[in-house]
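J.: The structure follows.
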Amino acid sequence: MRCILQLSTGSFSGPSCKADEAVKTLEYCMQVLDVEKVIFGWAADIALNQEISRMLERYPVEKYLWLPVFAEIQDREGVRQNRNISDRKKQEINTCKGDAFDFVCQSSRENMAYAEKVFDRLTEGCRMDGVFLDRIRYASAAGEESALYGCWCPDCRDIYRKNGVDTERVRAMAKEGGLERFKPLARRRSIYRYEDRDIDRLMETKRQIIISRVGALCERFHSRGLKVGADTFAPAIADFVGQDIDALAELVDFVKPMVYIRTDAPAGIPFELRSFGSGIKKRIDELWGRDTGSMEAAVRQMQELKDRGCAIAPGIDANRIEGICGADTAYVKEFLQKLAAAGIDRAVLSWDIMRIAKETIEELAEVMPASCKRDRAAI
């Protein structure tokens with residue numbers, strides 16, 4: 001099994017590591033693991049990015065800048081904001097430092113242009129092979145249940161109406177509150193159908209918006225000779241944030257479904273499922289034929305994507321972060337072994353190689369041992 005490293009350098013508010021620390025960690029990983037790609041970002045520290053890029057030039061690996069698209073942006077005044085359907089106060093959720101999960105409008109073309117502008121700024125002086133798109137979704141119900149209705153700015157409301165959504169009726173539903181109307185009726189691939197006509201059309205429209213805007217952004221990056229990777233939720237919960245994984249997989253070079261079983265924060269499978277309540281969780285389990293909060297279910301979902309021809313690299317929550325992620329060596333190793341047994345040939349050690357214990361990396365070398373230690377200059 002090949003390995004993709006994910007290195008969190010910090011956020012737009014500042015770096016979380018020093019260049020020499022990042023380089024030292026990456027050098028070690030290159031020696032003991034079969035590394036295919038390195039995803040790093042998204043600290044607004046050009047010198048740090050350049051140092052990491054120069055170091056990686058010595059190895060036959062692809063370099064991807066980690067780029068948030070619909071959240072965590074710098075210029076809050078220069079992009080169209082996301083408008084919530086209700087005035088309910090946002091709930092406090094577990095996050096790592098620098099993660100706010102404040103989303104901008106997903107339908108805005110200007111926001112896509114801004115994402116490309118940020119990429120160029122952060123990669124100045126770097127030779128990049130690709131871009132890794134994160135936050136290509138809507139906010140989840142974990143922060144507030146009304147997030148499931150998507151963005152309700154005037155432009156988005158017009159799009160919903162054009163797609164047959166009775167927006168006044170949906171507004172009334174949101175005012176009543178409750179998540180029962182989002183209980184899935186049926187499943188096709190990782191897409192759900194919903195019994196209520198307006199909810200079903202709303203969710204379909206949200207998927208179309210994500211596919212349209214991400215597709216346009218991918219075209220811009222591909223036209224520049226760059227590869228594109230994409231972060232998604234796990235299949236069982238992706239539809240609730242507007243992600244059709246199969247459709248996204250057709251747009252990008254690889255998809256990284258976040259099969260985070262030990263994460264008590266956004267994208268963590270148990271964390272997100274808990275926000276729906278037991279009724280919806282039970283229905284989701286029924287539609288997938290097993291407990292969707294389990295490792296076995298996550299492996300099966302990855303196998304389904306692979307069998308449908310999707311280029312995937314599952315993201316395993318391999319770092320240990322107090323109060324956020326309780327991963328340990330045994331868990332990560334077991335997960336990778338089960339994925340390998342299911343025919344998955346690559347995985348992402350998520351989401352910060354700087355916070356994965358050296359002992360864990362040593363153990364993982366048995367699952368994904370280094371096959372090539374030559375530097376790029378020698379090839």
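Labels used: A, B, ... for chains in the order of the structure tokens, numbers from 1 for residues in each chain, and numbers from 1 for ligands as shown.
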Going by DSSP on the backbone, which bits of region 71-259 of chain A are strand (DSSP E)? Write them as a list in words, please.

T.: Gly130, Val131, Phe132, Leu133, Asp134, Pro184, Leu185, Ala186, Arg187, Arg188, Ile191, Tyr192, Arg193, Tyr194, Lys227, Val228, Gly229, Ala230, Asp231, Thr232, Phe233, Phe254, Val255, Lys256, Pro257 and Met258 of chain A

J.: Give me, as a list in words, all polymer residues having an atom no more than 6 Å from region 260-269 of chain A, counting only C-alpha atoms and skipping those fewer than 3 positions away in the same chain.

T.: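 Selected residues are Asn94, Thr95, Phe233, Glu272, Ile316, Asp317, Ile324, Cys325, Gly326 and Ala327 of chain A.
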
J.: Could you dump the residues just selected with N, CA and C atoms as a CSV table (one decimal), in the first residue's frame?

T.:
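What landed in again-v6.csv:
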chain,number,residue,atom,x,y,z
A,94,ASN,N,-16.1,21.0,18.5
A,94,ASN,CA,-14.7,20.8,18.7
A,94,ASN,C,-14.0,21.1,17.4
A,95,THR,N,-12.9,21.9,17.5
A,95,THR,CA,-12.1,22.2,16.3
A,95,THR,C,-10.7,22.3,16.7
A,233,PHE,N,-16.5,14.0,2.8
A,233,PHE,CA,-16.9,13.2,3.9
A,233,PHE,C,-17.0,11.8,3.5
A,272,GLU,N,-20.4,13.3,13.4
A,272,GLU,CA,-21.4,13.8,12.5
A,272,GLU,C,-22.7,13.0,12.6
A,316,ILE,N,-7.2,8.3,6.7
A,316,ILE,CA,-7.3,7.7,8.1
A,316,ILE,C,-6.9,8.7,9.1
A,317,ASP,N,-7.7,8.9,10.1
A,317,ASP,CA,-7.3,9.8,11.2
A,317,ASP,C,-6.2,9.2,12.1
A,324,ILE,N,-9.7,15.8,20.5
A,324,ILE,CA,-10.1,15.9,19.1
A,324,ILE,C,-10.1,14.5,18.4
A,325,CYS,N,-8.9,13.9,18.5
A,325,CYS,CA,-8.7,12.6,17.9
A,325,CYS,C,-8.0,11.6,18.8
A,326,GLY,N,-8.6,10.5,19.0
A,326,GLY,CA,-8.1,9.5,19.9
A,326,GLY,C,-7.4,8.3,19.2
A,327,ALA,N,-6.8,8.6,18.0
A,327,ALA,CA,-6.2,7.5,17.3
A,327,ALA,C,-4.9,7.0,18.0

J.: Within 8 Å of region 207-221 of chain A, which residues of region 85-164 of chain A show up? Give each one with its shortest atom-to-atom distance in Å (one decimal) and the two atoms involved, counting only C-alpha atoms, rows by chain then rising residue number, as a Markdown table.

T.:
| residue | atom | partner | partner_atom | distance |
| --- | --- | --- | --- | --- |
| A:Gln106 | CA | A:Ile210 | CA | 6.8 |
| A:Ser107 | CA | A:Ile209 | CA | 5.9 |
| A:Ser108 | CA | A:Arg213 | CA | 7.9 |
| A:Arg109 | CA | A:Arg213 | CA | 7.0 |
| A:Met112 | CA | A:Leu217 | CA | 6.3 |
| A:Ala113 | CA | A:Leu217 | CA | 7.9 |
| A:Glu116 | CA | A:Leu217 | CA | 7.7 |
| A:Val131 | CA | A:Phe221 | CA | 7.8 |
| A:Ile136 | CA | A:Ile210 | CA | 7.0 |
| A:Arg137 | CA | A:Ile210 | CA | 6.7 |

J.: Go ahead and save the picked residues with C-alpha atoms, as a short mmCIF file (atom, residue, chain, number, x, y, z; two decimals), in the first residue's frame.

T.:
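Output file part_25.cif follows:
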data_model
loop_
_atom_site.label_atom_id
_atom_site.label_comp_id
_atom_site.auth_asym_id
_atom_site.auth_seq_id
_atom_site.Cartn_x
_atom_site.Cartn_y
_atom_site.Cartn_z
CA GLN A 106 -21.17 27.92 -2.47
CA SER A 107 -22.82 29.18 -5.67
CA SER A 108 -20.64 32.29 -6.11
CA ARG A 109 -18.32 32.22 -9.14
CA MET A 112 -13.98 30.26 -7.04
CA ALA A 113 -11.80 32.93 -8.63
CA GLU A 116 -7.38 30.32 -7.35
CA VAL A 131 -3.87 21.32 -5.51
CA ILE A 136 -15.82 21.76 -0.91
CA ARG A 137 -19.12 21.32 0.85
#

J.: So, with only C-alpha atoms as the atoms that count, which of A:Val23, A:Trp42, A:Ala236, A:Pro15 lies closest to Arg290 (chain A)?

T.: A:Ala236

J.: Record the distance separating CA of Ala365 (chain A) and CA of Lys24 (chain A), expressed in Å with one decimal.

T.: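 Distance between the two atoms: 17.2 Å.
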